[in-house]
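Novice: Before we start, here is the structure in question, set down as structure tokens.
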Amino acid sequence: MPKDMAEATSRIIHGFQKSERKGIAKLSAMQALPESVNQTEYPFSRAEVERVQFEGSPDAMRIQAFSYLARRMPSVHAVYTRSLVEVSKRLPSFEPRSMLHYGAGCGEGVWASRAIFADKLSHPKARITAIEPSDAFRQAGQALTGSTRSMSGVKWKPRLPPGYDADPTDSSWDLVLCSFIQTNMSPDARRAAIASLWARCTGVLLLVEPGTVEGYESLMAARTQLFDELGGRVAAPCPHEKPCPMYSQNYMKKRHCYWSQRHIMPPYQKTALGKNKAFDMSNFKFTYLAVAREDVFAKDITGATVPRRTKGMGKKGEEEDEETE
């Protein structure tokens, strides 16, 4: 995570702790609550979490957003950085001048994109749009991106702009990032979202989901739609556009393709997770798919090999991890 991003996040979190009178000791006692609606981990009491889930009050949603900042955002930023690095390796001539992040959270994908494609996306005239329907997350993201001069040009919106025909100047982007939302959508809603985002994408569409069976299956559905129906070309990580040999609807044969990204935790994340000061590394499992337009794909696809981590069953029935090329 960039130093200025980590410092800005720390200031925002400390300001929230002060206003809510919840100090470091409270953050250290964070517990994972698997029964939560969206599997988000919270740093507060069960009663406060119930207000988030069942009342949806603005104050409770702020708790959820700042919990995400403290616990999960550094890991997700590392995942975006890894995925975008692989795209830049496969498509070295791809230089996006505009970027859309659909489901932007607190803006960590914007930070990662500007770091990887700094030559173009860091230009003052670059168009960067972040779509986040949650008011609390959007406000936290605005505070974070607005904390440094280099990120001040990011436009935050609660929903997608009108269709391309309505406003071509602000309804299409070279790089479109859609992350961690497909597993929360119905199949019909997911298909509609993929079609809409692809229509607005003029370069590369990057999909990122959790490294779970559900996340992998949602990407497989999007993969079929993009390749068979919408004419997309694979940019990463797959070496081909044929049906994935790992995918099976048979429950007993289910395997999934995922990666584990390691990163150094900033001090506030270690405190929030209750980690020992000597323990500064964290791993986050994810899966992703990058699909390019034909003209972008044809320029310089390199076919570089990306290691794939698979999870299957061992000979004796136990689960095992293996690295494949």
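Residue numbering restarts at 1 for every chain of the structure tokens, chains are lettered A, B, ... in their displayed order, and ligands are numbered from 1 as they appear.
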Would you give me, as number ranges by chain, the residues in segment 169-238 of chain A that DSSP reads as helix (DSSP H, G or I)?

Specialist: A: 169-170, 182-184, 187-200, 213-229

Novice: Restricted to N, CA and C atoms, what would the selected residues look like written as a CSV table (one decimal), in the first residue's frame?

Specialist:
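Result went into selection29.csv, see below:
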```csv
chain,number,residue,atom,x,y,z
A,169,THR,N,-19.2,11.1,-23.7
A,169,THR,CA,-18.0,11.6,-23.1
A,169,THR,C,-17.8,11.1,-21.7
A,170,ASP,N,-18.9,10.7,-21.1
A,170,ASP,CA,-18.7,10.2,-19.7
A,170,ASP,C,-19.5,8.9,-19.4
A,182,GLN,N,-20.5,-9.8,-7.5
A,182,GLN,CA,-21.2,-10.8,-8.3
A,182,GLN,C,-21.8,-11.9,-7.5
A,183,THR,N,-21.1,-12.3,-6.4
A,183,THR,CA,-21.7,-13.3,-5.6
A,183,THR,C,-22.9,-12.9,-4.8
A,184,ASN,N,-23.1,-11.6,-4.7
A,184,ASN,CA,-24.3,-11.1,-4.0
A,184,ASN,C,-25.5,-10.7,-4.9
A,187,PRO,N,-28.5,-14.5,-10.7
A,187,PRO,CA,-28.0,-14.7,-12.1
A,187,PRO,C,-28.4,-13.7,-13.1
A,188,ASP,N,-29.7,-13.3,-13.1
A,188,ASP,CA,-30.2,-12.4,-14.1
A,188,ASP,C,-29.6,-11.0,-13.9
A,189,ALA,N,-29.5,-10.6,-12.6
A,189,ALA,CA,-28.9,-9.3,-12.4
A,189,ALA,C,-27.4,-9.3,-12.7
A,190,ARG,N,-26.7,-10.4,-12.5
A,190,ARG,CA,-25.3,-10.5,-12.8
A,190,ARG,C,-25.1,-10.4,-14.3
A,191,ARG,N,-25.9,-11.1,-15.1
A,191,ARG,CA,-25.8,-11.0,-16.6
A,191,ARG,C,-26.1,-9.6,-17.1
A,192,ALA,N,-27.1,-8.9,-16.5
A,192,ALA,CA,-27.4,-7.6,-17.0
A,192,ALA,C,-26.2,-6.6,-16.6
A,193,ALA,N,-25.6,-6.8,-15.4
A,193,ALA,CA,-24.5,-5.9,-15.0
A,193,ALA,C,-23.3,-6.2,-15.9
A,194,ILE,N,-23.0,-7.4,-16.2
A,194,ILE,CA,-21.8,-7.7,-17.1
A,194,ILE,C,-22.0,-7.1,-18.5
A,195,ALA,N,-23.2,-7.3,-19.0
A,195,ALA,CA,-23.5,-6.7,-20.4
A,195,ALA,C,-23.4,-5.2,-20.4
A,196,SER,N,-23.9,-4.6,-19.3
A,196,SER,CA,-23.9,-3.1,-19.2
A,196,SER,C,-22.4,-2.6,-19.1
A,197,LEU,N,-21.6,-3.2,-18.3
A,197,LEU,CA,-20.3,-2.8,-18.1
A,197,LEU,C,-19.4,-3.1,-19.3
A,198,TRP,N,-19.7,-4.2,-20.0
A,198,TRP,CA,-18.9,-4.5,-21.3
A,198,TRP,C,-19.3,-3.4,-22.3
A,199,ALA,N,-20.5,-3.0,-22.4
A,199,ALA,CA,-20.9,-2.0,-23.4
A,199,ALA,C,-20.2,-0.7,-23.1
A,200,ARG,N,-19.9,-0.4,-21.9
A,200,ARG,CA,-19.2,0.8,-21.5
A,200,ARG,C,-17.7,0.7,-21.6
A,213,VAL,N,-15.5,-21.1,-3.9
A,213,VAL,CA,-16.2,-21.8,-4.9
A,213,VAL,C,-17.3,-20.9,-5.5
A,214,GLU,N,-18.0,-20.1,-4.7
A,214,GLU,CA,-19.0,-19.2,-5.2
A,214,GLU,C,-18.4,-18.1,-6.1
A,215,GLY,N,-17.3,-17.5,-5.6
A,215,GLY,CA,-16.6,-16.5,-6.4
A,215,GLY,C,-16.2,-17.0,-7.8
A,216,TYR,N,-15.6,-18.2,-7.8
A,216,TYR,CA,-15.1,-18.9,-9.0
A,216,TYR,C,-16.3,-19.2,-10.0
A,217,GLU,N,-17.4,-19.7,-9.4
A,217,GLU,CA,-18.5,-20.0,-10.3
A,217,GLU,C,-19.1,-18.8,-10.9
A,218,SER,N,-19.2,-17.7,-10.2
A,218,SER,CA,-19.7,-16.4,-10.7
A,218,SER,C,-18.8,-15.9,-11.9
A,219,LEU,N,-17.5,-16.1,-11.7
A,219,LEU,CA,-16.6,-15.7,-12.8
A,219,LEU,C,-16.8,-16.6,-14.0
A,220,MET,N,-17.0,-17.9,-13.8
A,220,MET,CA,-17.2,-18.8,-14.9
A,220,MET,C,-18.5,-18.5,-15.7
A,221,ALA,N,-19.5,-18.0,-15.0
A,221,ALA,CA,-20.7,-17.6,-15.7
A,221,ALA,C,-20.5,-16.3,-16.5
A,222,ALA,N,-19.7,-15.4,-15.9
A,222,ALA,CA,-19.4,-14.2,-16.7
A,222,ALA,C,-18.4,-14.5,-17.8
A,223,ARG,N,-17.5,-15.5,-17.6
A,223,ARG,CA,-16.6,-15.9,-18.7
A,223,ARG,C,-17.3,-16.4,-19.9
A,224,THR,N,-18.3,-17.3,-19.7
A,224,THR,CA,-19.1,-17.8,-20.8
A,224,THR,C,-19.8,-16.7,-21.5
A,225,GLN,N,-20.4,-15.8,-20.8
A,225,GLN,CA,-21.2,-14.7,-21.4
A,225,GLN,C,-20.3,-13.8,-22.2
A,226,LEU,N,-19.1,-13.5,-21.7
A,226,LEU,CA,-18.2,-12.5,-22.3
A,226,LEU,C,-17.6,-13.1,-23.6
A,227,PHE,N,-17.2,-14.4,-23.5
A,227,PHE,CA,-16.6,-15.0,-24.7
A,227,PHE,C,-17.6,-15.5,-25.7
A,228,ASP,N,-18.6,-16.1,-25.3
A,228,ASP,CA,-19.6,-16.7,-26.3
A,228,ASP,C,-20.6,-15.8,-26.8
A,229,GLU,N,-21.0,-14.7,-26.0
A,229,GLU,CA,-22.1,-13.9,-26.5
A,229,GLU,C,-21.6,-12.5,-26.8
```

Novice: Could you list, as a list in words, every residue within 7 Å of Cys106 of chain A, counting only C-alpha atoms and ignoring same-chain residues fewer than 6 positions away?

Specialist: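 Answer for this query is Phe137, Arg138, Ala140 and Gly141 of chain A.
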
Novice: List as a PyMOL selection string the protein and nucleic acid residues near Arg233 of chain A, meaning an atom at most 12 Å away when only C-alpha atoms are counted, but skip any in the same chain fewer than 2 places from it.

Specialist: chain A and resi 91+198+203-206+223-231+235-242+289-298+301

Novice: Take the residues from that selection and write them out as a compact mmCIF listing (two decimals), in the first residue's frame, keeping N, CA and C atoms.

Specialist:
```
# COMPACT_ATOMS: atom_id res chain seq x y z
N LEU A 91 -0.71 -7.23 -21.57
CA LEU A 91 -1.01 -6.19 -22.57
C LEU A 91 -0.11 -4.98 -22.32
N TRP A 198 -19.68 -4.18 -20.02
CA TRP A 198 -18.95 -4.46 -21.26
C TRP A 198 -19.29 -3.43 -22.34
N GLY A 203 -11.68 -0.96 -23.54
CA GLY A 203 -10.36 -1.58 -23.48
C GLY A 203 -10.37 -2.91 -22.77
N VAL A 204 -10.30 -2.88 -21.43
CA VAL A 204 -10.22 -4.09 -20.62
C VAL A 204 -11.24 -4.04 -19.49
N LEU A 205 -11.96 -5.15 -19.32
CA LEU A 205 -12.88 -5.34 -18.20
C LEU A 205 -12.23 -6.32 -17.24
N LEU A 206 -12.02 -5.90 -16.00
CA LEU A 206 -11.38 -6.74 -14.98
C LEU A 206 -12.41 -7.09 -13.91
N ARG A 223 -17.51 -15.45 -17.64
CA ARG A 223 -16.57 -15.86 -18.68
C ARG A 223 -17.31 -16.39 -19.91
N THR A 224 -18.29 -17.27 -19.68
CA THR A 224 -19.08 -17.81 -20.78
C THR A 224 -19.83 -16.72 -21.51
N GLN A 225 -20.43 -15.81 -20.77
CA GLN A 225 -21.18 -14.71 -21.38
C GLN A 225 -20.28 -13.80 -22.20
N LEU A 226 -19.13 -13.45 -21.66
CA LEU A 226 -18.24 -12.52 -22.34
C LEU A 226 -17.61 -13.13 -23.59
N PHE A 227 -17.22 -14.38 -23.54
CA PHE A 227 -16.58 -15.02 -24.67
C PHE A 227 -17.57 -15.47 -25.74
N ASP A 228 -18.65 -16.12 -25.33
CA ASP A 228 -19.57 -16.73 -26.28
C ASP A 228 -20.60 -15.77 -26.84
N GLU A 229 -20.97 -14.75 -26.03
CA GLU A 229 -22.06 -13.87 -26.45
C GLU A 229 -21.61 -12.45 -26.79
N LEU A 230 -20.57 -11.96 -26.11
CA LEU A 230 -20.21 -10.55 -26.26
C LEU A 230 -18.90 -10.33 -27.02
N GLY A 231 -18.23 -11.39 -27.42
CA GLY A 231 -17.04 -11.24 -28.26
C GLY A 231 -15.79 -10.78 -27.55
N ALA A 235 -7.55 -11.80 -21.53
CA ALA A 235 -6.27 -11.12 -21.32
C ALA A 235 -5.50 -11.78 -20.19
N ALA A 236 -6.18 -12.18 -19.14
CA ALA A 236 -5.53 -12.85 -18.00
C ALA A 236 -6.63 -13.45 -17.13
N PRO A 237 -6.35 -14.50 -16.41
CA PRO A 237 -5.10 -15.26 -16.37
C PRO A 237 -5.11 -16.47 -17.29
N CYS A 238 -6.29 -16.79 -17.88
CA CYS A 238 -6.44 -18.02 -18.65
C CYS A 238 -5.57 -17.99 -19.91
N PRO A 239 -4.96 -19.13 -20.30
CA PRO A 239 -4.17 -19.19 -21.53
C PRO A 239 -5.01 -19.51 -22.76
N HIS A 240 -6.33 -19.65 -22.61
CA HIS A 240 -7.20 -20.01 -23.74
C HIS A 240 -8.61 -19.51 -23.45
N GLU A 241 -9.50 -19.63 -24.45
CA GLU A 241 -10.88 -19.20 -24.31
C GLU A 241 -11.85 -20.37 -24.39
N LYS A 242 -11.35 -21.59 -24.28
CA LYS A 242 -12.19 -22.77 -24.25
C LYS A 242 -12.82 -22.90 -22.86
N LEU A 289 -10.61 -12.35 -13.53
CA LEU A 289 -10.68 -12.56 -14.97
C LEU A 289 -10.59 -11.20 -15.65
N ALA A 290 -9.66 -11.07 -16.59
CA ALA A 290 -9.51 -9.84 -17.38
C ALA A 290 -9.86 -10.15 -18.83
N VAL A 291 -10.79 -9.39 -19.38
CA VAL A 291 -11.27 -9.60 -20.75
C VAL A 291 -11.04 -8.32 -21.54
N ALA A 292 -10.48 -8.46 -22.75
CA ALA A 292 -10.10 -7.31 -23.56
C ALA A 292 -10.94 -7.23 -24.83
N ARG A 293 -11.09 -6.01 -25.32
CA ARG A 293 -11.67 -5.81 -26.63
C ARG A 293 -10.72 -6.36 -27.71
N GLU A 294 -11.27 -6.71 -28.85
CA GLU A 294 -10.48 -7.34 -29.91
C GLU A 294 -9.31 -6.47 -30.35
N ASP A 295 -9.52 -5.17 -30.52
CA ASP A 295 -8.44 -4.31 -30.98
C ASP A 295 -7.32 -4.18 -29.94
N VAL A 296 -7.68 -4.17 -28.67
CA VAL A 296 -6.67 -4.12 -27.61
C VAL A 296 -5.93 -5.45 -27.53
N PHE A 297 -6.66 -6.53 -27.64
CA PHE A 297 -6.07 -7.87 -27.56
C PHE A 297 -5.09 -8.10 -28.71
N ALA A 298 -5.45 -7.64 -29.90
CA ALA A 298 -4.64 -7.93 -31.09
C ALA A 298 -3.32 -7.18 -31.13
N ILE A 301 -0.84 -9.14 -27.33
CA ILE A 301 -1.01 -10.20 -26.34
C ILE A 301 0.25 -11.06 -26.34
```

Novice: Take atom CA of Lys125 of chain A and atom CA of Lys157 of chain A and report the distance between them in Å, one decimal.

Specialist: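 Here the two named atoms are 18.5 Å from each other.
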
Novice: Taking only C-alpha atoms into account, name the residue in A:His77, A:Arg11, A:Lys120, A:Arg62 that is nearest to Asp135 of chain A.

Specialist: A:Arg62

Novice: Using only C-alpha atoms, can you tell me which of A:Trp156, A:Met61, A:Met151, A:Ser122 comes closest to Ala104 of chain A?

Specialist: A:Trp156

Novice: Please, what distance in Å, to one decimal, runs between atom CA of Lys89 of chain A and atom CA of His263 of chain A?

Specialist: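 The value is 20.0 Å.
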
Novice: So which one's closest to Met246 of chain A, A:Asn283, A:Asp4, A:Tyr258, A:Ser67? Using only C-alpha atoms, please.

Specialist: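 So, comparing all the options, the nearest one is A:Tyr258.
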
Novice: Pick out the closest residue to Met99 of chain A from this set: A:Ser75, A:Thr9, A:Thr81, A:Thr202. Count only C-alpha atoms.

Specialist: A:Thr202

Novice: Near Asp119 of chain A, within 9 Å and counting only C-alpha atoms, which residues show up once chain neighbours fewer than 4 positions away are dropped, as a list of chain:residue names?

Specialist: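 The contact residues come out as A:Glu95, A:Arg97, A:Arg114, A:Ala115, A:His123.
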
Novice: Write out as a PDB file with N, CA and C atoms, in the first residue's frame each polymer residue whose atoms come within 10 Å of Met265 of chain A, counting only C-alpha atoms; drop sequence neighbours fewer than 5 positions from it.

Specialist:
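out17.pdb was written with the following content:
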```
ATOM      1  N   MET A   1       0.841  -1.193   0.000  1.00  0.00           N
ATOM      2  CA  MET A   1       0.000   0.000   0.000  1.00  0.00           C
ATOM      3  C   MET A   1       0.875   1.242   0.000  1.00  0.00           C
ATOM      4  N   ALA A   6      -1.784   4.857   3.111  1.00  0.00           N
ATOM      5  CA  ALA A   6      -1.815   4.297   4.466  1.00  0.00           C
ATOM      6  C   ALA A   6      -1.942   5.390   5.516  1.00  0.00           C
ATOM      7  N   ARG A  71     -10.003  -3.218   8.626  1.00  0.00           N
ATOM      8  CA  ARG A  71      -9.725  -4.651   8.569  1.00  0.00           C
ATOM      9  C   ARG A  71      -9.362  -5.167   7.188  1.00  0.00           C
ATOM     10  N   PRO A  74      -6.706  -2.844   3.121  1.00  0.00           N
ATOM     11  CA  PRO A  74      -5.323  -3.070   2.673  1.00  0.00           C
ATOM     12  C   PRO A  74      -5.152  -4.376   1.902  1.00  0.00           C
ATOM     13  N   SER A  75      -5.862  -5.419   2.311  1.00  0.00           N
ATOM     14  CA  SER A  75      -5.781  -6.700   1.613  1.00  0.00           C
ATOM     15  C   SER A  75      -6.396  -6.608   0.224  1.00  0.00           C
ATOM     16  N   LYS A 270      -3.017  -4.283  11.646  1.00  0.00           N
ATOM     17  CA  LYS A 270      -2.537  -5.229  12.654  1.00  0.00           C
ATOM     18  C   LYS A 270      -3.266  -5.023  13.979  1.00  0.00           C
ATOM     19  N   THR A 271      -3.483  -3.769  14.335  1.00  0.00           N
ATOM     20  CA  THR A 271      -4.207  -3.480  15.573  1.00  0.00           C
ATOM     21  C   THR A 271      -5.649  -3.972  15.477  1.00  0.00           C
ATOM     22  N   LEU A 273      -6.905  -6.327  13.646  1.00  0.00           N
ATOM     23  CA  LEU A 273      -6.999  -7.780  13.601  1.00  0.00           C
ATOM     24  C   LEU A 273      -6.464  -8.441  14.871  1.00  0.00           C
ATOM     25  N   LYS A 275      -3.313  -8.674  15.780  1.00  0.00           N
ATOM     26  CA  LYS A 275      -2.108  -9.433  15.493  1.00  0.00           C
ATOM     27  C   LYS A 275      -0.940  -8.979  16.370  1.00  0.00           C
ATOM     28  N   PHE A 279       4.141  -9.881  13.832  1.00  0.00           N
ATOM     29  CA  PHE A 279       3.466 -10.527  12.702  1.00  0.00           C
ATOM     30  C   PHE A 279       2.925  -9.443  11.785  1.00  0.00           C
ATOM     31  N   ASP A 280       3.546  -9.264  10.622  1.00  0.00           N
ATOM     32  CA  ASP A 280       3.150  -8.152   9.766  1.00  0.00           C
ATOM     33  C   ASP A 280       2.712  -8.577   8.375  1.00  0.00           C
ATOM     34  N   MET A 281       2.531  -9.866   8.118  1.00  0.00           N
ATOM     35  CA  MET A 281       2.115 -10.342   6.809  1.00  0.00           C
ATOM     36  C   MET A 281       0.699 -10.898   6.866  1.00  0.00           C
ATOM     37  N   SER A 282      -0.025 -10.730   5.757  1.00  0.00           N
ATOM     38  CA  SER A 282      -1.380 -11.251   5.663  1.00  0.00           C
ATOM     39  C   SER A 282      -1.595 -11.818   4.264  1.00  0.00           C
ATOM     40  N   ASN A 283      -2.450 -12.845   4.153  1.00  0.00           N
ATOM     41  CA  ASN A 283      -2.777 -13.464   2.869  1.00  0.00           C
ATOM     42  C   ASN A 283      -4.264 -13.314   2.594  1.00  0.00           C
TER      43      ASN A 283
END
```

Novice: DSSP on the backbone: which residues in segment 53-194 of chain A end up as strand (DSSP E)? Give the answer as a VMD selection string.

Specialist: chain A and resid 98 to 102 127 to 131 155 to 157 173 to 179

Novice: Which value, in Å to one decimal, gives the distance between atom CA of Ser147 of chain A and atom CA of Ala126 of chain A?

Specialist: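 The value is 18.3 Å.
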